[in-house]
$ cat start_32.cif   # mmCIF, C-alpha atoms and all ligand atoms
data_target
#
loop_
_atom_site.group_PDB
_atom_site.id
_atom_site.type_symbol
_atom_site.label_atom_id
_atom_site.label_comp_id
_atom_site.auth_asym_id
_atom_site.auth_seq_id
_atom_site.Cartn_x
_atom_site.Cartn_y
_atom_site.Cartn_z
ATOM 1 C CA MET A 125 65.765 86.302 41.048
ATOM 2 C CA LYS A 126 64.769 83.653 43.613
ATOM 3 C CA THR A 127 61.973 82.717 41.412
ATOM 4 C CA LYS A 128 64.280 82.513 38.373
ATOM 5 C CA LYS A 129 66.623 80.188 40.280
ATOM 6 C CA LEU A 130 63.838 78.037 41.506
ATOM 7 C CA THR A 131 62.454 77.953 38.022
ATOM 8 C CA GLY A 132 65.793 76.762 36.757
ATOM 9 C CA ILE A 133 65.902 73.901 39.257
ATOM 10 C CA ASN A 134 62.259 73.050 38.650
ATOM 11 C CA LYS A 135 62.810 72.969 34.923
ATOM 12 C CA ARG A 136 65.525 70.366 35.250
ATOM 13 C CA LYS A 137 63.440 68.334 37.747
ATOM 14 C CA LEU A 138 60.463 68.611 35.550
ATOM 15 C CA MET A 139 62.457 67.440 32.565
ATOM 16 C CA ILE A 140 63.738 64.437 34.540
ATOM 17 C CA PHE A 141 60.261 63.605 35.895
ATOM 18 C CA GLY A 142 58.781 64.231 32.484
ATOM 19 C CA GLY A 143 61.290 61.849 30.950
ATOM 20 C CA VAL A 144 60.614 59.190 33.563
ATOM 21 C CA PHE A 145 56.878 59.719 33.211
ATOM 22 C CA VAL A 146 57.022 59.328 29.436
ATOM 23 C CA VAL A 147 59.037 56.115 29.829
ATOM 24 C CA ILE A 148 56.563 54.788 32.402
ATOM 25 C CA ILE A 149 53.640 55.679 30.168
ATOM 26 C CA ALA A 150 55.350 54.071 27.200
ATOM 27 C CA VAL A 151 56.025 50.922 29.207
ATOM 28 C CA LEU A 152 52.416 50.898 30.431
ATOM 29 C CA VAL A 153 51.067 51.400 26.913
ATOM 30 C CA VAL A 154 53.213 48.575 25.591
ATOM 31 C CA ALA A 155 52.109 46.368 28.490
ATOM 32 C CA VAL A 156 48.441 47.174 27.975
ATOM 33 C CA VAL A 157 48.632 46.656 24.198
ATOM 34 C CA THR A 158 50.462 43.388 24.643
ATOM 35 C CA SER A 159 48.020 42.097 27.239
ATOM 36 C CA THR A 160 45.040 43.216 25.149
ATOM 37 C CA LYS A 161 46.478 41.381 22.191
ATOM 38 C CA GLN A 162 46.978 38.308 24.327
ATOM 39 C CA ILE A 163 43.407 38.511 25.637
ATOM 40 C CA GLY A 164 42.185 38.821 22.056
ATOM 41 C CA LYS A 165 44.282 35.850 21.078
ATOM 42 C CA ASN A 166 42.988 33.857 24.020
ATOM 43 C CA GLU A 167 39.401 34.801 23.248
ATOM 44 C CA LYS A 168 39.885 33.916 19.600
ATOM 45 C CA ALA A 169 41.427 30.636 20.559
ATOM 46 C CA ALA A 170 38.562 29.973 22.939
ATOM 47 C CA ASP A 171 36.067 30.933 20.253
ATOM 48 C CA GLU A 172 37.812 28.683 17.801
ATOM 49 C CA THR A 173 37.763 25.846 20.266
ATOM 50 C CA ALA A 174 34.059 26.436 20.861
ATOM 51 C CA LEU A 175 33.401 26.582 17.116
ATOM 52 C CA THR A 176 35.337 23.420 16.570
ATOM 53 C CA LYS A 177 33.339 21.772 19.317
ATOM 54 C CA LEU A 178 30.103 23.063 17.791
ATOM 55 C CA ASP A 179 31.214 21.841 14.400
ATOM 56 C CA GLU A 180 32.007 18.493 15.878
ATOM 57 C CA GLU A 181 28.607 18.408 17.502
ATOM 58 C CA ASN A 182 26.989 19.386 14.201
ATOM 59 C CA VAL A 183 28.896 16.694 12.416
ATOM 60 C CA ALA A 184 27.877 14.239 15.089
ATOM 61 C CA VAL A 185 24.215 15.314 14.772
ATOM 62 C CA LYS A 186 24.457 15.146 11.004
ATOM 63 C CA GLU A 187 25.980 11.707 11.195
ATOM 64 C CA VAL A 188 23.214 10.552 13.504
ATOM 65 C CA GLU A 189 20.634 12.029 11.115
ATOM 66 C CA GLU A 190 22.265 10.367 8.140
ATOM 67 C CA LYS A 191 22.436 7.091 9.981
ATOM 68 C CA THR A 192 18.740 7.430 10.867
ATOM 69 C CA GLU A 193 17.902 8.158 7.240
ATOM 70 C CA GLU A 194 19.980 5.201 6.170
ATOM 71 C CA LYS A 195 18.188 3.105 8.746
ATOM 72 C CA GLU A 196 14.788 4.302 7.472
ATOM 73 C CA GLU A 197 15.802 3.551 3.905
ATOM 74 C CA THR A 198 17.033 0.171 4.965
ATOM 75 C CA SER A 199 13.824 -0.704 6.795
ATOM 76 C CA GLU A 200 11.770 0.582 3.841
ATOM 77 C CA GLU A 201 13.845 -1.475 1.458
ATOM 78 C CA SER A 202 13.629 -4.516 3.628
ATOM 79 C CA SER A 203 9.839 -4.133 3.907
ATOM 80 C CA LYS A 204 9.738 -3.873 0.115
ATOM 81 C CA LYS A 205 11.935 -6.920 -0.120
ATOM 82 C CA SER A 206 9.840 -8.839 2.363
ATOM 83 C CA SER A 207 6.741 -7.905 0.347
ATOM 84 C CA GLY A 208 8.254 -9.673 -2.653
ATOM 85 C CA LYS A 209 8.772 -6.876 -5.179
ATOM 86 C CA VAL A 210 9.840 -3.259 -5.040
ATOM 87 C CA SER A 211 6.901 -2.104 -7.186
ATOM 88 C CA ASP A 212 3.565 -0.929 -5.750
ATOM 89 C CA ASN A 213 1.493 -3.558 -7.562
ATOM 90 C CA GLY A 214 1.778 -5.883 -4.586
ATOM 91 C CA GLY A 215 4.100 -8.209 -6.481
ATOM 92 C CA ASN A 216 1.390 -9.059 -9.024
ATOM 93 C CA CYS A 217 1.826 -8.019 -12.681
ATOM 94 C CA THR A 218 -1.943 -7.810 -13.260
ATOM 95 C CA THR A 219 -3.004 -5.494 -10.435
ATOM 96 C CA GLY A 220 -1.318 -2.374 -11.776
ATOM 97 C CA SER A 221 -2.681 -2.175 -15.316
ATOM 98 C CA PHE A 222 -5.369 -4.808 -15.847
ATOM 99 C CA GLY A 223 -8.151 -2.821 -14.151
ATOM 100 C CA ASN A 224 -11.296 -4.947 -13.867
ATOM 101 C CA LEU A 225 -9.410 -7.902 -15.364
ATOM 102 C CA MET A 226 -6.878 -8.140 -12.531
ATOM 103 C CA LEU A 227 -6.059 -11.713 -11.558
ATOM 104 C CA ILE A 228 -5.400 -12.847 -7.995
ATOM 105 C CA ASN A 229 -5.024 -16.583 -7.380
ATOM 106 C CA PRO A 230 -2.414 -18.930 -5.830
ATOM 107 C CA ASN A 231 -0.028 -18.201 -8.731
ATOM 108 C CA PHE A 232 -0.754 -14.467 -9.014
ATOM 109 C CA THR A 233 -0.487 -13.365 -5.404
ATOM 110 C CA VAL A 234 -0.548 -9.959 -3.693
ATOM 111 C CA THR A 235 1.078 -8.652 -0.517
ATOM 112 C CA THR A 236 -0.809 -7.756 2.654
ATOM 113 C CA ASN A 237 0.237 -4.112 2.103
ATOM 114 C CA TRP A 238 -1.400 -4.105 -1.301
ATOM 115 C CA ILE A 239 -4.579 -5.640 0.139
ATOM 116 C CA ALA A 240 -4.738 -3.011 2.911
ATOM 117 C CA ASN A 241 -4.293 -0.229 0.358
ATOM 118 C CA ARG A 242 -6.952 -1.748 -1.921
ATOM 119 C CA LYS A 243 -9.425 -1.573 0.966
ATOM 120 C CA THR A 244 -9.090 2.217 1.057
ATOM 121 C CA GLN A 245 -10.247 2.454 -2.584
ATOM 122 C CA LEU A 246 -13.571 0.692 -2.010
ATOM 123 C CA ILE A 247 -17.080 1.751 -1.004
ATOM 124 C CA SER A 248 -19.685 0.039 1.158
ATOM 125 C CA VAL A 249 -22.447 -1.539 -0.932
ATOM 126 C CA SER A 250 -24.572 -1.634 2.227
ATOM 127 C CA LYS A 251 -24.326 2.116 2.844
ATOM 128 C CA LYS A 252 -24.529 3.136 -0.807
ATOM 129 C CA TYR A 253 -27.215 0.723 -2.081
ATOM 130 C CA GLY A 254 -28.664 -0.961 1.013
ATOM 131 C CA ILE A 255 -27.361 -4.384 -0.059
ATOM 132 C CA LYS A 256 -27.250 -6.524 3.065
ATOM 133 C CA GLU A 257 -24.442 -8.758 4.157
ATOM 134 C CA GLY A 258 -26.083 -12.074 5.063
ATOM 135 C CA LYS A 259 -23.375 -13.103 7.455
ATOM 136 C CA SER A 260 -21.340 -10.175 8.574
ATOM 137 C CA SER A 261 -18.086 -12.030 9.012
ATOM 138 C CA ASN A 262 -16.169 -9.233 7.350
ATOM 139 C CA GLY A 263 -18.323 -6.289 8.387
ATOM 140 C CA ASP A 264 -17.920 -3.628 5.774
ATOM 141 C CA ASN A 265 -19.312 -5.214 2.582
ATOM 142 C CA LEU A 266 -16.847 -3.259 0.474
ATOM 143 C CA MET A 267 -16.522 -3.126 -3.288
ATOM 144 C CA ASP A 268 -15.075 -1.102 -6.127
ATOM 145 C CA ALA A 269 -17.526 1.728 -6.977
ATOM 146 C CA GLU A 270 -18.092 0.740 -10.635
ATOM 147 C CA ALA A 271 -18.595 -2.922 -9.749
ATOM 148 C CA ALA A 272 -20.933 -1.958 -6.895
ATOM 149 C CA LYS A 273 -23.148 0.091 -9.245
ATOM 150 C CA HIS A 274 -23.475 -2.908 -11.576
ATOM 151 C CA LEU A 275 -24.045 -5.267 -8.626
ATOM 152 C CA ASN A 276 -26.936 -3.094 -7.482
ATOM 153 C CA GLU A 277 -28.511 -3.117 -10.954
ATOM 154 C CA MET A 278 -28.154 -6.897 -11.136
ATOM 155 C CA LEU A 279 -29.677 -7.576 -7.716
ATOM 156 C CA SER A 280 -32.488 -5.064 -8.346
ATOM 157 C CA ASP A 281 -33.396 -6.831 -11.592
ATOM 158 C CA TYR A 282 -33.322 -10.201 -9.818
ATOM 159 C CA SER A 283 -35.745 -8.897 -7.190
ATOM 160 C CA LYS A 284 -38.050 -7.580 -9.939
ATOM 161 C CA GLU A 285 -38.065 -10.970 -11.648
ATOM 162 C CA TYR A 286 -38.506 -12.907 -8.401
ATOM 163 C CA ALA A 287 -41.007 -10.842 -6.451
ATOM 164 C CA GLY A 288 -40.330 -10.837 -2.733
ATOM 165 C CA HIS A 289 -36.827 -12.237 -3.161
ATOM 166 C CA THR A 290 -33.691 -10.390 -2.212
ATOM 167 C CA MET A 291 -30.129 -11.548 -2.648
ATOM 168 C CA VAL A 292 -27.630 -10.760 0.063
ATOM 169 C CA THR A 293 -23.858 -10.959 0.045
ATOM 170 C CA ARG A 294 -21.770 -13.351 2.062
ATOM 171 C CA SER A 295 -18.913 -10.896 1.987
ATOM 172 C CA CYS A 296 -17.455 -8.993 -0.945
ATOM 173 C CA PHE A 297 -13.944 -7.637 -0.314
ATOM 174 C CA ARG A 298 -11.923 -9.662 2.142
ATOM 175 C CA GLN A 299 -8.688 -8.461 3.652
ATOM 176 C CA VAL A 300 -7.829 -11.816 5.110
ATOM 177 C CA GLY A 301 -8.071 -15.094 3.280
ATOM 178 C CA THR A 302 -9.458 -18.321 4.623
ATOM 179 C CA SER A 303 -7.898 -21.714 5.009
ATOM 180 C CA CYS A 304 -10.613 -24.318 4.883
ATOM 181 C CA GLY A 305 -9.365 -26.370 1.986
ATOM 182 C CA ARG A 306 -10.924 -26.679 -1.408
ATOM 183 C CA LEU A 307 -13.463 -23.860 -1.164
ATOM 184 C CA CYS A 308 -11.133 -21.284 0.318
ATOM 185 C CA ALA A 309 -8.101 -19.226 -0.560
ATOM 186 C CA LYS A 310 -5.476 -18.112 1.890
ATOM 187 C CA THR A 311 -4.407 -14.493 2.355
ATOM 188 C CA GLY A 312 -2.691 -13.105 -0.732
ATOM 189 C CA THR A 313 -4.325 -15.577 -3.139
ATOM 190 C CA SER A 314 -8.052 -14.786 -2.875
ATOM 191 C CA ASP A 315 -10.223 -13.293 -5.613
ATOM 192 C CA HIS A 316 -11.979 -11.475 -2.745
ATOM 193 C CA HIS A 317 -8.916 -9.196 -2.396
ATOM 194 C CA THR A 318 -9.738 -7.613 -5.785
ATOM 195 C CA GLY A 319 -12.712 -5.619 -4.479
ATOM 196 C CA LEU A 320 -14.545 -6.814 -7.602
ATOM 197 C CA THR A 321 -16.184 -9.904 -6.140
ATOM 198 C CA CYS A 322 -19.102 -10.952 -3.939
ATOM 199 C CA ASP A 323 -20.432 -14.255 -2.726
ATOM 200 C CA LEU A 324 -24.211 -14.050 -3.280
ATOM 201 C CA VAL A 325 -27.128 -15.966 -1.876
ATOM 202 C CA ASP A 326 -30.930 -15.666 -1.717
ATOM 203 C CA PRO A 327 -31.766 -16.776 1.858
ATOM 204 C CA GLU A 328 -35.196 -18.000 0.629
ATOM 205 C CA TYR A 329 -33.317 -20.945 -0.903
ATOM 206 C CA GLY A 330 -31.082 -21.613 2.086
ATOM 207 C CA THR A 331 -28.035 -19.921 3.535
ATOM 208 C CA ASN A 332 -25.462 -22.692 3.192
ATOM 209 C CA LEU A 333 -22.870 -22.099 0.528
ATOM 210 C CA ASP A 334 -22.884 -25.659 -0.724
ATOM 211 C CA THR A 335 -22.468 -26.611 -4.373
ATOM 212 C CA SER A 336 -24.491 -29.783 -3.862
ATOM 213 C CA GLU A 337 -27.538 -27.575 -3.222
ATOM 214 C CA TYR A 338 -27.213 -25.885 -6.589
ATOM 215 C CA LYS A 339 -30.460 -27.373 -7.932
ATOM 216 C CA ASN A 340 -32.465 -25.627 -5.197
ATOM 217 C CA HIS A 341 -30.762 -22.278 -5.561
ATOM 218 C CA LYS A 342 -32.663 -20.491 -8.335
ATOM 219 C CA GLU A 343 -30.614 -17.350 -7.683
ATOM 220 C CA TRP A 344 -27.315 -19.084 -8.552
ATOM 221 C CA GLN A 345 -28.858 -20.446 -11.739
ATOM 222 C CA TRP A 346 -30.207 -16.998 -12.582
ATOM 223 C CA LEU A 347 -26.796 -15.413 -11.935
ATOM 224 C CA ARG A 348 -24.999 -17.995 -14.043
ATOM 225 C CA ALA A 349 -27.361 -17.220 -16.953
ATOM 226 C CA ASN A 350 -27.639 -13.441 -16.572
ATOM 227 C CA SER A 351 -24.758 -11.931 -14.604
ATOM 228 C CA TYR A 352 -22.589 -11.281 -17.688
ATOM 229 C CA LYS A 353 -25.161 -8.680 -18.848
ATOM 230 C CA TYR A 354 -24.132 -6.655 -15.799
ATOM 231 C CA GLY A 355 -20.411 -7.334 -16.231
ATOM 232 C CA PHE A 356 -20.191 -10.251 -13.760
ATOM 233 C CA ILE A 357 -18.960 -13.818 -14.337
ATOM 234 C CA ASP A 358 -19.298 -17.128 -12.580
ATOM 235 C CA ARG A 359 -15.707 -16.969 -11.386
ATOM 236 C CA PHE A 360 -15.233 -20.625 -10.435
ATOM 237 C CA PRO A 361 -17.317 -22.876 -12.740
ATOM 238 C CA GLU A 362 -17.207 -26.622 -12.134
ATOM 239 C CA ALA A 363 -15.746 -27.306 -15.577
ATOM 240 C CA TRP A 364 -12.644 -25.259 -14.711
ATOM 241 C CA ALA A 365 -12.114 -26.503 -11.130
ATOM 242 C CA GLY A 366 -9.472 -28.920 -12.397
ATOM 243 C CA GLY A 367 -8.800 -32.354 -11.013
ATOM 244 C CA SER A 368 -10.202 -33.934 -7.930
ATOM 245 C CA MET A 369 -12.053 -31.964 -5.291
ATOM 246 C CA SER A 370 -9.275 -32.048 -2.746
ATOM 247 C CA GLU A 371 -6.051 -30.271 -1.928
ATOM 248 C CA PRO A 372 -3.748 -29.228 -3.423
ATOM 249 C CA LEU A 373 -5.394 -26.505 -5.440
ATOM 250 C CA ASN A 374 -5.230 -27.292 -9.110
ATOM 251 C CA VAL A 375 -4.353 -23.949 -10.602
ATOM 252 C CA ASP A 376 -2.645 -25.089 -13.747
ATOM 253 C CA ALA A 377 -0.937 -23.579 -16.777
ATOM 254 C CA ASN A 378 -4.018 -23.988 -18.975
ATOM 255 C CA GLY A 379 -6.551 -22.010 -16.920
ATOM 256 C CA SER A 380 -7.933 -24.262 -14.193
ATOM 257 C CA THR A 381 -8.958 -22.263 -11.152
ATOM 258 C CA GLY A 382 -8.696 -24.949 -8.484
ATOM 259 C CA LEU A 383 -12.057 -23.830 -7.101
ATOM 260 C CA PHE A 384 -15.742 -24.602 -7.601
ATOM 261 C CA GLU A 385 -18.119 -22.052 -6.086
ATOM 262 C CA THR A 386 -21.612 -21.582 -7.475
ATOM 263 C CA TRP A 387 -22.181 -18.394 -5.435
ATOM 264 C CA HIS A 388 -19.013 -16.471 -6.273
ATOM 265 C CA PHE A 389 -19.527 -13.737 -8.880
ATOM 266 C CA ARG A 390 -16.781 -11.459 -10.127
ATOM 267 C CA TYR A 391 -17.017 -8.157 -11.965
ATOM 268 C CA VAL A 392 -14.844 -7.914 -15.095
ATOM 269 C CA GLY A 393 -16.854 -5.402 -17.169
ATOM 270 C CA ILE A 394 -19.604 -6.196 -19.668
ATOM 271 C CA THR A 395 -17.399 -6.836 -22.748
ATOM 272 C CA ALA A 396 -15.101 -9.374 -21.054
ATOM 273 C CA ALA A 397 -17.989 -10.931 -19.113
ATOM 274 C CA THR A 398 -19.913 -11.486 -22.332
ATOM 275 C CA GLU A 399 -16.889 -13.062 -24.048
ATOM 276 C CA ILE A 400 -16.228 -15.313 -21.034
ATOM 277 C CA ALA A 401 -19.856 -16.394 -20.520
ATOM 278 C CA THR A 402 -20.423 -17.104 -24.202
ATOM 279 C CA GLY A 403 -17.074 -18.890 -24.534
ATOM 280 C CA LYS A 404 -15.592 -16.743 -27.303
ATOM 281 C CA TYR A 405 -12.197 -18.376 -26.703
ATOM 282 C CA ASN A 406 -13.523 -21.685 -25.349
ATOM 283 C CA ASN A 407 -15.567 -23.233 -28.165
ATOM 284 C CA GLY A 408 -18.765 -21.561 -27.004
ATOM 285 C CA LYS A 409 -18.538 -22.917 -23.458
ATOM 286 C CA TYR A 410 -18.244 -20.902 -20.244
ATOM 287 C CA ASP A 411 -14.608 -19.817 -19.877
ATOM 288 C CA SER A 412 -12.419 -19.278 -16.813
ATOM 289 C CA LEU A 413 -10.878 -15.856 -16.208
ATOM 290 C CA GLU A 414 -7.441 -17.476 -16.184
ATOM 291 C CA HIS A 415 -7.911 -19.200 -19.553
ATOM 292 C CA TYR A 416 -9.500 -16.081 -21.043
ATOM 293 C CA LEU A 417 -6.552 -13.876 -20.025
ATOM 294 C CA LYS A 418 -4.146 -16.357 -21.583
ATOM 295 C CA GLN A 419 -6.164 -16.549 -24.810
ATOM 296 C CA ILE A 420 -6.322 -12.772 -25.256
ATOM 297 C CA GLY A 421 -2.558 -12.593 -24.652
ATOM 298 C CA LYS A 422 -2.568 -10.653 -21.387
ATOM 299 C CA VAL A 423 -0.806 -13.336 -19.357
ATOM 300 C CA SER A 424 1.954 -15.598 -20.690
ATOM 301 C CA ASP A 425 2.513 -18.019 -17.835
ATOM 302 C CA LEU A 426 -0.452 -19.008 -15.648
ATOM 303 C CA LYS A 427 1.589 -21.446 -13.582
ATOM 304 C CA ASN A 428 4.344 -18.989 -12.631
ATOM 305 C CA GLY A 429 2.317 -15.802 -12.433
ATOM 306 C CA LYS A 430 3.850 -13.961 -15.411
ATOM 307 C CA CYS A 431 2.110 -11.459 -17.680
HETATM 308 ZN ZN ZN B 1 -16.093 -16.356 -2.802
#
$ encode --input "start_32.cif" --output "structure tokens"
Amino acid sequence: MKTKKLTGINKRKLMIFGGVFVVIIAVLVVAVVTSTKQIGKNEKAADETALTKLDEENVAVKEVEEKTEEKEETSEESSKKSSGKVSDNGGNCTTGSFGNLMLINPNFTVTTNWIANRKTQLISVSKKYGIKEGKSSNGDNLMDAEAAKHLNEMLSDYSKEYAGHTMVTRSCFRQVGTSCGRLCAKTGTSDHHTGLTCDLVDPEYGTNLDTSEYKNHKEWQWLRANSYKYGFIDRFPEAWAGGSMSEPLNVDANGSTGLFETWHFRYVGITAATEIATGKYNNGKYDSLEHYLKQIGKVSDLKNGKC
């Protein structure tokens, strides 16, 4: 009975406590859920902020990269502009497609970049064939491989004909021009940039490169008469020097070279050399490379450097 009574009271109490407990739990659950949601929101917001920041940083990095690229392009373009033309022929219409007939002179100039690149295409005639450089002002004695092979044949035949005589070079390729007036060409205008040319001398006849000593230099006379058989020409004959022997250089529209050098021989290949030496387009007289190129229609304007 006592127990029954107590049970009755306890039941009511329990119901009240139970009700309160359920309410408390419900309130707690709601509170927890709400706060969790808020934390999630906060985290998301924080994440979003971080992402935005990261994006901004990425954009900033990208912008810097793009600016750098633009800068590189600009400096490349400006270097191209400063080199004269955007093409890789060094600003000279003959160097890209003329091969052994390329023309470099005060009207058909090349850039220093082109000259530096040309150097990498050449071989040493000293190392390959033992041809000595008489005055090693330029050091490497470099030449185009095909021209060098023909140079070696030519000098070997000279030595056979003149026993005990050996021709040496006074530089072949030159990266830098010279500025000593009539007999020289400044950087960008020299035939020595072609890699197809050598100044030649037989020291037995003297080492001065002086046209007034021509009579004594049997090797220059021999070269003038025979070099075309090996594909070489007397590049600057007296008849084509043009005008008086003083500055300015007389490189005219008709084919004058402006230079007179009895020691300067240029490889153009046997066919062209034969036509130039025998004057096919010059009434049987020794031609100039300039005049020859005009006559065969490869260049249109010798004065303004146009093909
Ligand atoms: Zn020369």
$ residues_near_ligand --input "start_32.cif" --ligand "ligand ZN 1 (chain B)" --cutoff "8 Å" --atoms "only C-alpha atoms and all ligand atoms" --output "ChimeraX atom specification"
/A:295-296,308,315-316,321-323,385,387-389
$ residues_around --input "start_32.cif" --residues "A:Tyr391" --least-positions-apart "4" --cutoff "10 Å" --atoms "only C-alpha atoms" --output "VMD selection string"
chain A and resid 224 to 225 268 270 to 272 274 to 275 318 to 322 351 to 352 354 to 359 396 to 397
$ write_last_selection --input "start_32.cif" --atoms "C-alpha atoms" --output "tab-separated table (two decimals), keeping the file's coordinate frame"
chain	number	residue	atom	x	y	z
A	224	ASN	CA	-11.30	-4.95	-13.87
A	225	LEU	CA	-9.41	-7.90	-15.36
A	268	ASP	CA	-15.08	-1.10	-6.13
A	270	GLU	CA	-18.09	0.74	-10.64
A	271	ALA	CA	-18.60	-2.92	-9.75
A	272	ALA	CA	-20.93	-1.96	-6.90
A	274	HIS	CA	-23.48	-2.91	-11.58
A	275	LEU	CA	-24.04	-5.27	-8.63
A	318	THR	CA	-9.74	-7.61	-5.78
A	319	GLY	CA	-12.71	-5.62	-4.48
A	320	LEU	CA	-14.54	-6.81	-7.60
A	321	THR	CA	-16.18	-9.90	-6.14
A	322	CYS	CA	-19.10	-10.95	-3.94
A	351	SER	CA	-24.76	-11.93	-14.60
A	352	TYR	CA	-22.59	-11.28	-17.69
A	354	TYR	CA	-24.13	-6.66	-15.80
A	355	GLY	CA	-20.41	-7.33	-16.23
A	356	PHE	CA	-20.19	-10.25	-13.76
A	357	ILE	CA	-18.96	-13.82	-14.34
A	358	ASP	CA	-19.30	-17.13	-12.58
A	359	ARG	CA	-15.71	-16.97	-11.39
A	396	ALA	CA	-15.10	-9.37	-21.05
A	397	ALA	CA	-17.99	-10.93	-19.11
$ residues_around --input "start_32.cif" --residues "stretch 248-260 of chain A" --least-positions-apart "6" --cutoff "6 Å" --atoms "only C-alpha atoms" --output "PyMOL selection string"
chain A and resi 266+292-294
$ residues_around --input "start_32.cif" --residues "A:Thr381" --least-positions-apart "4" --cutoff "8 Å" --atoms "only C-alpha atoms" --output "PyMOL selection string"
chain A and resi 229+360+364-366+373-376+412+414
$ residues_around --input "start_32.cif" --residues "A:Glu328" --least-positions-apart "3" --cutoff "10 Å" --atoms "all atoms listed in the file" --output "list in words"
Gly288, His289, Thr290, Met291, Val325, Thr331, Asn340, His341, Lys342 and Glu343 of chain A
$ atom_distance --input "start_32.cif" --atom1 "atom CA of A:Cys217" --atom2 "atom CA of A:Ile400"
21.2 Å
$ decode --input "start_32.cif" --residues "stretch 262-273 of chain A" --atoms "N, CA and C atoms" --output "tab-separated table (two decimals), in the first residue's frame"
chain	number	residue	atom	x	y	z
A	262	ASN	N	92.68	38.06	-85.28
A	262	ASN	CA	91.32	37.61	-84.98
A	262	ASN	C	91.26	36.22	-84.36
A	263	GLY	N	92.41	35.54	-84.31
A	263	GLY	CA	92.50	34.31	-83.53
A	263	GLY	C	92.04	33.02	-84.14
A	264	ASP	N	90.78	32.95	-84.54
A	264	ASP	CA	90.21	31.64	-84.83
A	264	ASP	C	90.38	31.15	-86.27
A	265	ASN	N	90.60	32.06	-87.21
A	265	ASN	CA	90.75	31.68	-88.62
A	265	ASN	C	89.56	30.86	-89.10
A	266	LEU	N	88.39	31.40	-88.92
A	266	LEU	CA	87.15	30.67	-89.20
A	266	LEU	C	86.64	30.88	-90.62
A	267	MET	N	85.97	29.81	-91.12
A	267	MET	CA	85.40	29.89	-92.45
A	267	MET	C	84.28	28.88	-92.61
A	268	ASP	N	83.40	29.14	-93.54
A	268	ASP	CA	82.36	28.19	-93.92
A	268	ASP	C	83.03	26.89	-94.39
A	269	ALA	N	82.47	25.74	-94.04
A	269	ALA	CA	83.12	24.45	-94.29
A	269	ALA	C	83.39	24.18	-95.78
A	270	GLU	N	82.39	24.48	-96.63
A	270	GLU	CA	82.57	24.25	-98.08
A	270	GLU	C	83.67	25.15	-98.63
A	271	ALA	N	83.63	26.42	-98.25
A	271	ALA	CA	84.64	27.37	-98.71
A	271	ALA	C	86.03	26.96	-98.22
A	272	ALA	N	86.09	26.49	-96.98
A	272	ALA	CA	87.37	26.08	-96.39
A	272	ALA	C	87.99	24.91	-97.14
A	273	LYS	N	87.17	23.96	-97.56
A	273	LYS	CA	87.64	22.79	-98.32
A	273	LYS	C	88.27	23.26	-99.64
